[in-house]
file entry_12.txt (compact mmCIF, C-alpha atoms)
# COMPACT_ATOMS: atom_id res chain seq x y z
CA MET L 212 -5.00 -5.30 -11.09
CA THR L 213 -8.30 -4.01 -12.33
CA ALA L 214 -11.94 -4.52 -11.53
CA ASP L 215 -12.38 -7.13 -14.27
CA LEU L 216 -10.57 -9.69 -12.15
CA ALA L 217 -12.13 -12.06 -9.65
CA THR L 218 -10.05 -13.78 -7.01
CA SER L 219 -9.86 -17.38 -5.94
CA HIS L 220 -10.06 -18.84 -2.48
CA GLU L 221 -6.97 -18.34 -0.38
CA VAL L 222 -3.85 -20.10 -1.59
CA PHE L 223 -1.56 -19.02 1.22
CA PRO L 224 -1.98 -16.65 4.18
CA SER L 225 0.41 -13.90 5.07
CA ARG L 226 1.37 -11.22 7.53
CA LEU L 227 4.35 -8.94 7.44
CA VAL L 228 7.39 -10.37 9.20
CA ALA L 229 10.64 -8.77 10.35
CA VAL L 230 13.57 -10.68 8.86
CA THR L 231 17.10 -10.31 10.21
CA ARG L 232 20.39 -11.99 9.38
CA ARG L 233 22.79 -13.36 11.97
CA PRO L 234 24.88 -12.11 13.69
CA HIS L 235 22.25 -9.37 13.96
CA ALA L 236 19.85 -10.10 16.80
CA ARG L 237 16.45 -11.45 15.88
CA VAL L 238 13.70 -8.84 16.15
CA ALA L 239 11.46 -10.42 18.75
CA ALA L 240 9.26 -7.38 19.41
CA ILE L 241 8.07 -4.35 17.47
CA GLU L 242 9.91 -2.10 19.93
CA ALA L 243 13.21 -3.54 18.69
CA LEU L 244 12.60 -1.94 15.29
CA ARG L 245 12.55 1.56 16.78
CA GLY L 246 15.53 3.59 15.69
CA SER L 247 16.73 0.85 13.36
CA ARG L 248 17.27 0.75 9.61
CA VAL L 249 14.38 -1.14 8.01
CA GLY L 250 14.14 -2.30 4.39
CA VAL L 251 10.75 -2.64 2.71
CA LEU L 252 9.60 -3.47 -0.80
CA ARG L 253 8.38 -0.55 -2.87
CA SER L 254 4.59 -0.26 -3.07
CA SER L 255 4.14 -2.90 -0.39
CA ARG L 256 2.04 -2.35 2.72
CA ALA L 257 5.17 -2.40 4.91
CA MET L 258 5.69 1.37 4.85
CA ALA L 259 2.17 1.93 6.17
CA ALA L 260 2.73 -0.79 8.78
CA VAL L 261 5.82 1.01 10.07
CA HIS L 262 3.67 4.12 10.50
CA ASP L 263 0.67 2.30 11.96
CA SER L 264 2.82 0.35 14.43
CA LYS L 265 4.31 3.61 15.68
CA ILE L 266 7.86 2.43 15.05
CA SER L 267 9.46 5.73 15.92
CA GLY L 268 12.88 6.69 14.66
CA ALA L 269 13.07 3.92 12.10
CA GLU L 270 15.03 4.77 8.97
CA VAL L 271 13.07 3.07 6.18
CA SER L 272 14.61 2.25 2.79
CA GLU L 273 12.55 1.04 -0.15
CA TYR L 274 13.76 -1.61 -2.59
CA ALA L 275 12.38 -2.48 -6.00
CA GLY L 276 12.54 -6.21 -5.44
CA LEU L 277 13.17 -8.93 -2.89
CA GLN L 278 16.67 -9.77 -4.11
CA ALA L 279 17.79 -6.13 -3.78
CA ALA L 280 16.33 -5.99 -0.29
CA LEU L 281 18.06 -9.23 0.73
CA SER L 282 21.32 -7.92 -0.65
CA ALA L 283 20.97 -4.81 1.53
CA LEU L 284 20.37 -7.05 4.52
CA ARG L 285 23.46 -9.14 3.74
CA ASP L 286 25.75 -6.13 3.42
CA THR L 287 24.20 -4.62 6.59
CA THR L 288 22.84 -1.54 4.81
CA VAL L 289 19.66 -2.31 6.74
CA ASP L 290 19.17 -4.05 10.09
CA ALA L 291 15.93 -5.82 9.18
CA LEU L 292 13.49 -6.32 6.34
CA LEU L 293 9.75 -6.05 6.69
CA ILE L 294 8.31 -8.38 4.05
CA GLU L 295 5.40 -10.76 3.50
CA LEU L 296 5.71 -14.15 5.22
CA PRO L 297 5.89 -16.26 2.01
CA GLU L 298 8.74 -14.08 0.79
CA GLY L 299 10.50 -14.47 4.14
CA LEU L 300 10.08 -18.24 4.08
CA LEU L 301 11.49 -18.50 0.57
CA ALA L 302 14.43 -16.30 1.55
CA LEU L 303 15.10 -18.54 4.56
CA HIS L 304 15.26 -21.48 2.19
CA ASP L 305 18.25 -19.90 0.43
CA ASP L 306 20.08 -18.36 3.40
CA ALA L 307 20.38 -20.25 6.67
CA LEU L 308 21.55 -17.12 8.51
CA LEU L 309 18.19 -15.41 8.13
CA GLU L 310 15.71 -15.40 11.00
CA LEU L 311 12.01 -14.61 11.17
CA GLY L 312 11.06 -12.26 13.98
CA VAL L 313 7.99 -10.35 15.02
CA PHE L 314 4.88 -10.29 12.83
CA LEU L 315 3.05 -7.10 11.94
CA GLY L 316 -0.15 -6.16 10.21
CA THR L 317 -3.35 -8.02 9.54
CA ARG L 318 -3.78 -11.31 7.76
CA ARG L 319 -3.80 -11.11 4.01
CA SER L 320 -4.47 -13.90 1.56
CA TYR L 321 -2.34 -14.89 -1.37
CA VAL L 322 -4.84 -15.68 -4.12
CA TYR L 323 -5.05 -16.27 -7.81
CA ALA L 324 -7.08 -13.98 -10.00
CA VAL L 325 -9.03 -14.80 -13.11
CA ARG L 326 -10.97 -12.61 -15.44
CA SER L 327 -14.41 -11.98 -13.98
CA ARG L 328 -16.18 -13.40 -17.01
CA ASP L 329 -14.36 -16.72 -16.70
CA ARG L 330 -16.69 -18.01 -14.02
CA ALA L 331 -16.23 -21.65 -14.95
CA LEU L 332 -12.46 -21.29 -14.64
CA LEU L 333 -12.79 -19.62 -11.24
CA ALA L 334 -15.13 -22.36 -10.01
CA ALA L 335 -12.74 -25.05 -11.23
CA LEU L 336 -9.79 -23.32 -9.63
CA ASN L 337 -11.58 -22.96 -6.30
CA ALA L 338 -12.67 -26.59 -6.36
CA TYR L 339 -9.10 -27.62 -7.11
CA LEU L 340 -7.65 -25.51 -4.29
CA GLN L 341 -10.24 -26.75 -1.81
CA SER L 342 -9.60 -30.35 -2.78
CA LEU L 343 -5.82 -30.01 -2.72
CA ARG L 344 -5.75 -28.34 0.69
CA SER L 345 -7.85 -31.13 2.21
CA THR L 346 -5.31 -33.79 1.27
CA PRO L 347 -2.17 -34.82 3.20
CA SER L 348 -0.09 -33.98 0.18
CA TRP L 349 -0.83 -30.29 0.73
CA THR L 350 1.37 -30.26 3.82
CA ALA L 351 4.16 -31.92 1.86
CA ILE L 352 3.86 -29.42 -0.99
CA VAL L 353 3.98 -26.46 1.41
CA VAL L 354 6.99 -27.82 3.31
CA ARG L 355 8.82 -28.70 0.10
CA HIS L 356 8.47 -25.19 -1.29
CA PHE L 357 8.51 -22.98 1.81
CA GLY L 358 10.68 -25.08 4.13
CA PRO L 359 10.31 -27.11 7.34
CA VAL L 360 9.72 -24.06 9.56
CA THR L 361 6.61 -23.03 7.62
CA PHE L 362 3.93 -24.38 9.92
CA GLU L 363 5.72 -23.20 13.06
CA ALA L 364 5.93 -19.74 11.48
CA LEU L 365 2.27 -19.81 10.48
CA SER L 366 1.35 -20.75 14.04
CA ARG L 367 3.51 -18.01 15.53
CA ALA L 368 1.89 -15.51 13.16
CA HIS L 369 -1.54 -16.67 14.39
CA LEU L 370 -2.41 -17.82 10.89
CA THR L 371 -3.49 -21.31 11.95
CA ASP L 372 -6.47 -22.62 13.88
CA GLU L 373 -6.34 -24.94 16.91
CA ALA L 374 -5.95 -27.96 14.66
CA GLY L 375 -2.96 -26.41 12.95
CA TYR L 376 -4.77 -25.69 9.67
CA TYR L 377 -4.73 -22.32 8.05
CA MET X 74 -6.60 -17.60 -28.90
CA ARG X 75 -8.95 -17.01 -26.02
CA VAL X 76 -6.97 -15.90 -23.05
CA LEU X 77 -8.12 -17.30 -19.75
CA ALA X 78 -5.77 -14.95 -17.93
CA LEU X 79 -4.93 -16.59 -14.71
CA VAL X 80 -2.65 -14.33 -12.78
CA SER X 81 -1.19 -14.39 -9.36
CA ALA X 82 -2.41 -11.40 -7.50
CA LEU X 83 -2.35 -9.49 -4.24
CA PHE X 84 1.33 -9.13 -3.60
CA VAL X 85 2.77 -6.19 -5.42
CA GLY X 86 5.76 -7.41 -7.34
CA CYS X 87 4.44 -10.94 -7.57
CA PRO X 88 4.99 -12.27 -11.08
CA SER X 89 1.99 -12.57 -13.33
CA VAL X 90 0.99 -15.91 -14.72
CA ALA X 91 -1.16 -16.02 -17.84
CA VAL X 92 -2.86 -19.23 -18.86
CA SER X 93 -4.03 -19.28 -22.44
CA GLY X 94 -5.87 -21.81 -24.50
CA ASN X 95 -9.01 -22.78 -26.32
CA GLU X 96 -10.92 -25.94 -27.14
CA ARG X 97 -8.40 -27.06 -29.76
CA ALA X 98 -5.12 -25.57 -28.58
CA PRO X 99 -3.38 -26.86 -25.50
CA LEU X 100 -3.33 -24.81 -22.38
CA ARG X 101 -0.25 -22.63 -22.27
CA VAL X 102 1.27 -20.96 -19.26
CA ALA X 103 3.11 -17.73 -19.86
CA VAL X 104 5.01 -16.16 -17.03
CA GLU X 105 6.03 -12.56 -16.65
CA GLY X 106 9.05 -12.70 -14.42
CA PRO X 107 10.09 -15.70 -12.36
CA MET X 108 7.10 -17.69 -11.17
CA SER X 109 7.67 -19.32 -7.82
CA ALA X 110 8.10 -23.06 -7.83
CA PHE X 111 5.09 -23.24 -5.52
CA ASP X 112 2.82 -21.50 -8.03
CA ALA X 113 4.28 -23.53 -10.86
CA ALA X 114 3.54 -26.78 -9.03
CA LEU X 115 -0.02 -25.78 -8.18
CA LEU X 116 -0.90 -24.34 -11.56
CA THR X 117 0.67 -27.15 -13.53
CA THR X 118 -1.35 -29.70 -11.59
CA PHE X 119 -4.46 -27.58 -12.01
CA ALA X 120 -3.95 -27.51 -15.77
CA LYS X 121 -3.59 -31.28 -15.79
CA THR X 122 -6.82 -31.73 -13.83
CA ARG X 123 -8.54 -29.84 -16.61
CA GLY X 124 -7.26 -32.38 -19.06
CA ARG X 125 -4.95 -30.08 -20.86
CA ALA X 126 -1.26 -30.37 -21.43
CA LEU X 127 0.94 -27.43 -20.69

call {"tool": "encode", "arguments": {"input": "entry_12.txt", "output": "structure tokens"}}
result
Amino acid sequence: MTADLATSHEVFPSRLVAVTRRPHARVAAIEALRGSRVGVLRSSRAMAAVHDSKISGAEVSEYAGLQAALSALRDTTVDALLIELPEGLLALHDDALLELGVFLGTRRSYVYAVRSRDRALLAALNAYLQSLRSTPSWTAIVVRHFGPVTFEALSRAHLTDEAGYY
Amino acid sequence: MRVLALVSALFVGCPSVAVSGNERAPLRVAVEGPMSAFDAALLTTFAKTRGRAL
């Protein structure tokens, strides 16, 4: 991504989340990651989060992509993955044994980017996103793609306001 | 063809989505890697709101 890109309004919020797979215990607190084997995606912010959260003794393995990381979780090469919430929700969709645990890191926004000079396109995209998110169908779209636990997860990650919107 | 270059950003490893088109040619979505169904749904509808077929 270079400086000639401008970003849209938020499409979806995110924080890092610890994902485990039963029968492994769900990681309910950061302390539970200490001394464990943690999988992260290469070049993601998860490695820095492990350091910043003072997760001592964790053995961190990097994976090139989500599928490789999920495979390592399935074959118990790692105890937990530290990935972005949308990735965790999509993974949950495909594997009912996965569980979302503790959230780490600050809120980030999933956005679309357009070339900076395409101001009309950016304005149209922002208007579209704002309009879509104000309709009841937005909830249906989110649940259809990310699963029924999405809004509970967003709430637990403190990514929603008092009215339940994010 | 003028490239509007709409790409999904922020998450490293997130697939890129390029939307191309001009006044005469229909909007075209090109995806590098698997685009999520969520992005596909949103961007397809967005293209339709702009009166252009994918």

call {"tool": "atom_distance", "arguments": {"input": "entry_12.txt", "atom1": "atom CA of Ser282 of chain L", "atom2": "atom CA of Ala240 of chain L"}}
result
23.4 Å

call {"tool": "closest_residue", "arguments": {"input": "entry_12.txt", "among": "L:Thr231, L:Thr350, L:Ser255, L:Thr371", "to": "chain X", "atoms": "all atoms listed in the file"}}
result
L:Ser255

call {"tool": "interface_residues", "arguments": {"input": "entry_12.txt", "of": "chain L", "to": "chain X", "cutoff": "6 Å", "atoms": "all atoms listed in the file", "output": "PyMOL selection string"}}
result
chain L and resi 322-325+356

call {"tool": "residues_around", "arguments": {"input": "entry_12.txt", "residues": "Ala279 of chain L", "least_positions_apart": "2", "cutoff": "12 Å", "atoms": "all atoms listed in the file", "output": "JSON, numbers by chain"}}
result
{"L": [250, 251, 252, 253, 272, 273, 274, 275, 276, 277, 281, 282, 283, 284, 285, 286, 288, 289, 292, 302]}

call {"tool": "atom_distance", "arguments": {"input": "entry_12.txt", "atom1": "atom CA of Arg344 of chain L", "atom2": "atom CA of Ile294 of chain L"}}
result
24.6 Å

call {"tool": "residues_near_point", "arguments": {"input": "entry_12.txt", "point": "(9.6, -6.7, 5.1)", "cutoff": "9 Å", "atoms": "only C-alpha atoms", "output": "number ranges by chain"}}
result
L: 227-230, 249-252, 255, 257-258, 280, 291-296, 298-299

call {"tool": "atom_distance", "arguments": {"input": "entry_12.txt", "atom1": "atom CA of Leu340 of chain L", "atom2": "atom CA of Ala113 of chain X"}}
result
13.8 Å

call {"tool": "closest_residue", "arguments": {"input": "entry_12.txt", "among": "L:Val238, L:Leu309, L:Ala368, L:Ala334", "to": "Arg226 of chain L", "atoms": "only C-alpha atoms"}}
result
L:Ala368

call {"tool": "closest_atom_pairs", "arguments": {"input": "entry_12.txt", "of": "segment 304-347 of chain L", "to": "segment 241-244 of chain L", "cutoff": "12 Å", "atoms": "only C-alpha atoms", "output": "CSV"}}
result
residue,atom,partner,partner_atom,distance
L:Gly312,CA,L:Ile241,CA,9.1
L:Val313,CA,L:Ile241,CA,6.5
L:Phe314,CA,L:Ile241,CA,8.2
L:Leu315,CA,L:Ile241,CA,8.0
L:Gly316,CA,L:Ile241,CA,11.1

call {"tool": "closest_residue", "arguments": {"input": "entry_12.txt", "among": "L:Thr218, L:Asn337, L:Ser225, L:Ser267", "to": "Thr317 of chain L", "atoms": "only C-alpha atoms"}}
result
L:Ser225

call {"tool": "closest_residue", "arguments": {"input": "entry_12.txt", "among": "L:Arg232, L:Arg355, L:Lys265, L:Arg330", "to": "Gly246 of chain L", "atoms": "all atoms listed in the file"}}
result
L:Lys265
